[in-house]
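S.K.: Dropping the structure in here first, questions after.
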Amino acid sequence: MFEQVPILTALLLVPLVGSFLVFALGNTQRRASIIALVVSAIPLVLSALLLIDFQLGTSTIQFVEKHTWIESYGISYYLGIDGISAPMVFLTTLLCFLAILFSWDVEHRTKEYMGLMLILEVGVVGVFTALDYFLFYVFWEVVLIPMYFLIAIWGGPRRAYASIKFFIYTHVASLAMLITIMALYFEAKPLLGYASFSITDIATVSGDFSGVFQVAAFAALFFAFGVKMPVVPFHTWLPDAHVEAPTAGSVLLAGLLLKMGSYGIIRIALPTLPVGASTLMPLMLAIAILSILYGSLVCLAQKDLKKMVAFSSISHMGIVLLGISTGSQLGIAAAVLQMFSHGLITAVLFMMCGVVQHKVGTREIPLLGGLAQKMPIAATFMTIGFLASLGLPGMIGFVAEFSVFVATFDSYAWILFLPIASVAITAGYYLWALQRTMFGPLTDKIDLTHAHDTNWYEAIPLAILAILIVFFGMFPSVVMDFITPSASVISAALGVG
Amino acid sequence: MIDLSPVYSEMIVLLIAIAIPAIFFATRSEKLLGIISAVGVIVAMIPLITFYISGSEPVVFAGGLIRLDAFAVAFKLVFLAVALYVIIASVRYVRGERHLAEYYSLILLATLGMMLVASSLDLITLFVGLELASICSYALVGFRKFDKRGMEAAVKYFIIGAFSSAISLYGISLIYGIAGSTGFAEIGTSLATASGMDPAILLATGMLIAGFGFKVAIIPFHMWAPDVYEGAPTTITAMLASGSKKMGFVALFKIFLIGLIAVKADWDVIVAIIAMMTMTLGNLIAISQSNIKRMLAYSSIAQAGYILIALPVGTEYAVAGGIFHIVTHAFMKGGAFIAVAALSTVTFGESISDYKGLAKRSPFLAFSMSVLLLSLAGIPPLSGFASKFWLFSSAVDAAATPGHAWLLWLAVFGVINSAISLYYYVRVIKYMYVESGSGESIRLPGSMVIAISITLIATIIIGIYPSPVLDLCREAARAFFL
């Protein structure tokens, strides 16, 4: 269907042009929101068509677009997707659309807000489709700027601190990636016989790099991507950024930006530097388990609902890393599924935090109670979100986590008891939080006279996400069919098979 | 008949510079001065652009004193572009001041000096060009005769400038004594046979580093720069940071990479250490500045440190990266200073805290300033990222050569410093967009908007599509190694 149409470019161009439109025409709040919503619906439709047109059962890269960009240094505008990027692209366009819909009531500087959301979409889609290191890095950094402003302008009380911390922390990590990219480029140049920043070209010769180089380069890339994921001990920017970010910002931050980190490891670091990856597998395993346990234990102690959800992301991204560190086909495929699942579920959770904050005026768990009586629809969505996140069977979170644990059992049966323990902890803090906020007697600590249920623009995104969570939980093969062929190629490159 | 084609553009600039006082005397129109100067500068670009596009062979003029090649073309275009936006911005900035004809004339003569340096093949022409540009700059810094801060800056600049000229002249004379010639190529050949640790060569090298170090304000020869940049009229600050300083780098490139290339092993570590110190200290001190001009001045010192990476690495790739960064820096730093100048025409302070809430008062200026600052910090897809990328990657590349692994530290330092610099650049952006300030909306003078737009568009376009400029820089670097 898309042989003639550069659909990936369209996915980038539509939100970019859309953001200009919003800046130029969105004089009123309503107008800016409508333009942004319409514009962000187009990439969603395009990416859905893309999935339909995607050829399953093969690991080849599809919808390739390649044009010379900076000829003298072998840099090209090189886009393409495989079975791992395809679900991520869909997730991106979906979450951006829903986040914009969810932000319907943003009154403060709506034009800028909507414009930045669309630029953010350009950056994230770019990261998931770029096949040239230079281009990849450009998109990677482009993401930072709108997110910085989203936190800094529309964020909570400590937004200035959180936004600068977010920007500098993740920028430092990006710079480690930048140096590694340069090193890969120069290392590959003599082997290739020509200059090229192409990720696929460099991957064809990178197997011949010396072992020391591979380990060093992989460690640097792991640091760069690990900060973004984020894994312990590089996670400290995340709670600050999440707590201060506006709701839609948190949704995109957790739903998409964290995925950029794990995507980078799976899609770039592993296939490019297999020797480095297998050497550092034990380290990744240790960090994964540490993140899972640390994240879930810290959640138990949180009083702020949003902070709890933020820390739970660390734990859930640790599960992604656990899958990666098995190196097996199932492990990697499960890791990607967990990324997809976390993207959907965490969006619900952060939206719910936003709803509670907005309607009740506080997110402090000790102050809340019995909200289900006041806001039954919200309570329903919150219950769905929490149950999905703790891994209730029938929802996508369960399938993803279960697959990761199965893969871990195959590779490291003796250690599985540690990450599995987190499942109990996770169930604990979610159910405990749910019981304290939504159920039980109505709280008398705060004034609830003005609290009301979700608005339509909040309920629709939540409902769509809830439906998808259950749908993919019932039919995980819909996503897995995309992922599996590509995952098997990567695990074969690692020699795990 | 002498072939004058290599100096067509210099002749045009000179002609306008001489004609301007006469025109002012005849018409008394301030506006006309700016227009004629700007048009003159644009016309002067034409021979250079045609030379580059037609792919002409390098032309030597006046028996080996001057050569027009891609390297010279690249830098002359940079100097002319800087002159162009400085002149356009000046139209409003110096309106109603005394001695306006001389002001424009001096800008053009300073540009002429810089252009001469860019095409010099000989220490003498280089020195003459350098002094022409410097002396004009001293006068321009002190242009506002009754402004105490400006006068202090001018005196400081003059004394340091004269002092550094003297030191470099001493170094030049030592080189002449050793090599028996003032031509760069001849010096290179005769030093190739000299023994590396000759004390006279070391002394001369040290003096050249010190002398030109003052000109380009690298640490530890930088102390004057923040004071002078702060005190000078801001349009002139833009010219100093984007033009004069770059001229100093041209001189450094020529002397070190052609004349002293044979004894590179003697100076490369020292220069590398200076580069690392310059970028680190420049950035660290910039963090604590509360005046925006001083902050930009220290950031300019740090940027000089990045450019200096090109010398110890010394490959064609590195020189191309250095030239590229000079080109991009000329636009982004110049643009930032012009933006500061634009605000001072509407009685706006120079303290960073004055920038609170600027986004509401002048969206265009806040946006331009943000783009320029992000580019300075090296955020893609802006030009500052592209040029830093080539510069740092050249060090990574050269580090792969056996025995040169230490060059990697240059890239590592550069990268760490980019991260440090982000803090103070983003702080200004934060003030403009996040904090709320007071005051009515600002209407900028049209000429200022044009000048800022030139730098803004260049910064964005070079970032997104660097190929043409990059090719020119590579061409220039190649011409340099002929």
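Starting from 1 in every chain, residues are counted up; chains themselves are A, B, ... following the order of the structure tokens, and ligands are numbered from 1 as listed.
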At a cut-off of 8 Å, list the chain A residues touching chain B, using only C-alpha atoms, as a short mmCIF file (atom, residue, chain, number, x, y, z; two decimals) with N, CA, C and O atoms, in the first residue's frame.

M.R.:
```cif
data_model
loop_
_atom_site.label_atom_id
_atom_site.label_comp_id
_atom_site.auth_asym_id
_atom_site.auth_seq_id
_atom_site.Cartn_x
_atom_site.Cartn_y
_atom_site.Cartn_z
N TRP A 69 22.32 12.95 3.17
CA TRP A 69 22.07 14.19 3.91
C TRP A 69 23.36 15.00 3.96
O TRP A 69 23.46 16.07 3.39
N ILE A 70 24.37 14.48 4.64
CA ILE A 70 25.67 15.16 4.64
C ILE A 70 26.64 14.18 4.01
O ILE A 70 27.18 13.30 4.66
N GLU A 71 26.82 14.34 2.71
CA GLU A 71 27.47 13.31 1.93
C GLU A 71 28.90 13.07 2.39
O GLU A 71 29.35 11.93 2.53
N SER A 72 29.64 14.17 2.65
CA SER A 72 31.06 14.01 2.91
C SER A 72 31.36 13.14 4.11
O SER A 72 32.44 12.61 4.24
N TYR A 137 20.69 10.48 16.95
CA TYR A 137 21.11 11.37 18.03
C TYR A 137 20.37 12.71 17.96
O TYR A 137 19.98 13.26 18.98
N VAL A 138 20.17 13.19 16.75
CA VAL A 138 19.44 14.45 16.60
C VAL A 138 18.05 14.33 17.20
O VAL A 138 17.63 15.14 18.03
N PHE A 139 17.33 13.27 16.82
CA PHE A 139 15.98 13.09 17.35
C PHE A 139 16.02 12.89 18.86
O PHE A 139 15.18 13.40 19.60
N GLU A 141 18.00 14.08 21.02
CA GLU A 141 18.16 15.34 21.74
C GLU A 141 16.97 16.27 21.53
O GLU A 141 16.65 17.06 22.41
N VAL A 142 16.35 16.16 20.37
CA VAL A 142 15.19 17.01 20.10
C VAL A 142 14.09 16.75 21.14
O VAL A 142 13.37 17.66 21.53
N ALA A 152 9.03 22.71 32.77
CA ALA A 152 9.42 24.00 33.36
C ALA A 152 8.28 25.00 33.37
O ALA A 152 8.21 25.85 34.26
N ILE A 153 7.39 24.96 32.40
CA ILE A 153 6.34 25.98 32.34
C ILE A 153 5.04 25.49 32.96
O ILE A 153 4.39 26.23 33.68
N ALA A 160 11.16 24.31 38.29
CA ALA A 160 12.41 24.84 37.76
C ALA A 160 13.55 23.89 38.08
O ALA A 160 14.38 23.56 37.21
N ILE A 164 15.50 21.44 35.09
CA ILE A 164 16.94 21.58 34.79
C ILE A 164 17.66 20.27 35.14
O ILE A 164 18.54 19.82 34.41
N ILE A 168 19.80 18.33 32.29
CA ILE A 168 21.25 18.13 32.39
C ILE A 168 21.58 16.66 32.59
O ILE A 168 22.48 16.12 31.94
N HIS A 171 21.04 14.87 29.40
CA HIS A 171 21.96 15.36 28.38
C HIS A 171 23.36 14.78 28.58
O HIS A 171 24.05 14.42 27.63
N VAL A 172 23.78 14.67 29.84
CA VAL A 172 25.09 14.08 30.11
C VAL A 172 25.12 12.65 29.57
O VAL A 172 26.09 12.23 28.91
N LEU A 175 25.53 12.62 25.91
CA LEU A 175 26.88 12.93 25.44
C LEU A 175 27.77 11.69 25.49
O LEU A 175 28.63 11.52 24.63
N ILE A 179 29.86 10.31 22.15
CA ILE A 179 31.26 9.90 22.00
C ILE A 179 31.34 8.47 21.50
O ILE A 179 32.16 8.13 20.64
N MET A 182 30.71 8.38 17.81
CA MET A 182 31.90 8.77 17.05
C MET A 182 32.89 7.62 17.00
O MET A 182 33.48 7.32 15.96
N ALA A 183 33.09 6.97 18.15
CA ALA A 183 34.06 5.87 18.19
C ALA A 183 33.63 4.75 17.25
O ALA A 183 34.45 4.20 16.50
N PHE A 186 34.36 5.76 13.59
CA PHE A 186 35.75 5.69 13.14
C PHE A 186 36.28 4.27 13.17
O PHE A 186 37.15 3.91 12.38
#
```

S.K.: Can you list, as a ChimeraX atom specification, all residues belonging to region 58-239 of chain B that DSSP tags as alpha helix (DSSP H)?

M.R.: /B:70-93,100-119,123-141,148-179,184-192,199-216,224-231,234-239

S.K.: Find the distance between CA of Leu305 (chain A) and CA of Asp447 (chain A) and write it in Å to one decimal.

M.R.: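 Value for the CA of Leu305 (chain A)-CA of Asp447 (chain A) distance: 18.2 Å.
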
S.K.: List as a VMD selection string the protein and nucleic acid residues near Gly213 (chain B), meaning an atom at most 12 Å away when only C-alpha atoms are counted, but skip any in the same chain fewer than 5 places from it.

M.R.: chain B and resid 160 to 161 163 to 165 167 to 168 205 to 208 218 to 225 245 to 249 251 to 252 271 274 to 275 278 301 304 to 305 308

S.K.: By how many Å are CA of Ser250 (chain A) and CA of Leu368 (chain A) apart?

M.R.: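 Taking CA of Ser250 (chain A) as the start and CA of Leu368 (chain A) as the end point, the length is 21.5 Å.
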
S.K.: Can you tell me, as a ChimeraX atom specification, what residues are no more than 8 Å from Pro485 (chain A) when counting only C-alpha atoms, ignoring any on the same chain fewer than 5 positions away?

M.R.: /A:57-59,83

S.K.: How would the residues just picked look written out with C-alpha atoms as a PDB file, in the first residue's frame?

M.R.:
```pdb
ATOM      1  CA  GLY A  57       7.085 -13.185   9.976  1.00  0.00           C
ATOM      2  CA  THR A  58      10.249 -11.512   8.803  1.00  0.00           C
ATOM      3  CA  SER A  59      12.936  -9.537  10.551  1.00  0.00           C
ATOM      4  CA  GLY A  83       9.092  -5.643  14.320  1.00  0.00           C
TER       5      GLY A  83
END
```

S.K.: Could you check which of B:Arg294, B:Gly183, B:Phe75, B:Ser436 is closest to Gly282 (chain B), using only C-alpha atoms?

M.R.: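 The answer is B:Arg294, which sits nearest to Gly282 (chain B).
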
S.K.: List as an mmCIF file with N, CA and C atoms, in the first residue's frame the protein and nucleic acid residues near Cys96 (chain A), meaning an atom at most 8 Å away when only C-alpha atoms are counted, but skip any in the same chain fewer than 2 places from it.

M.R.:
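So the final result, stored in part_25.cif, reads:
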```cif
data_model
loop_
_atom_site.group_PDB
_atom_site.id
_atom_site.type_symbol
_atom_site.label_atom_id
_atom_site.label_comp_id
_atom_site.auth_asym_id
_atom_site.auth_seq_id
_atom_site.Cartn_x
_atom_site.Cartn_y
_atom_site.Cartn_z
ATOM 1 N N SER A 40 -2.805 15.437 15.597
ATOM 2 C CA SER A 40 -2.206 14.238 16.170
ATOM 3 C C SER A 40 -3.007 12.988 15.835
ATOM 4 N N THR A 92 3.617 5.414 20.328
ATOM 5 C CA THR A 92 3.916 6.845 20.357
ATOM 6 C C THR A 92 2.756 7.667 19.828
ATOM 7 N N THR A 93 2.282 7.307 18.645
ATOM 8 C CA THR A 93 1.217 8.117 18.057
ATOM 9 C C THR A 93 -0.053 8.016 18.889
ATOM 10 N N LEU A 94 -0.288 6.818 19.456
ATOM 11 C CA LEU A 94 -1.484 6.636 20.284
ATOM 12 C C LEU A 94 -1.405 7.519 21.533
ATOM 13 N N LEU A 98 -3.759 10.661 22.743
ATOM 14 C CA LEU A 98 -4.541 10.610 23.984
ATOM 15 C C LEU A 98 -4.093 11.693 24.960
ATOM 16 N N ALA A 99 -2.790 11.934 25.008
ATOM 17 C CA ALA A 99 -2.291 12.949 25.943
ATOM 18 C C ALA A 99 -2.804 14.324 25.557
ATOM 19 N N ILE A 100 -2.876 14.579 24.257
ATOM 20 C CA ILE A 100 -3.391 15.878 23.819
ATOM 21 C C ILE A 100 -4.876 15.998 24.142
ATOM 22 N N MET A 117 3.904 19.660 22.517
ATOM 23 C CA MET A 117 3.518 18.242 22.519
ATOM 24 C C MET A 117 3.764 17.627 21.138
ATOM 25 N N LEU A 118 3.422 18.391 20.105
ATOM 26 C CA LEU A 118 3.581 17.858 18.748
ATOM 27 C C LEU A 118 5.063 17.721 18.391
ATOM 28 N N GLU A 121 6.342 14.685 19.836
ATOM 29 C CA GLU A 121 5.959 13.511 19.044
ATOM 30 C C GLU A 121 6.938 13.302 17.888
ATOM 31 N N LEU A 252 3.715 11.014 28.733
ATOM 32 C CA LEU A 252 4.650 10.828 27.629
ATOM 33 C C LEU A 252 6.038 10.461 28.146
#
```

S.K.: Within 10 Å of Ile49 (chain B), counting only C-alpha atoms, which residues show up once you throw out same-chain ones fewer than 5 positions away? Write them as a ChimeraX atom specification, please.

M.R.: /B:44,54-55,73-74,77
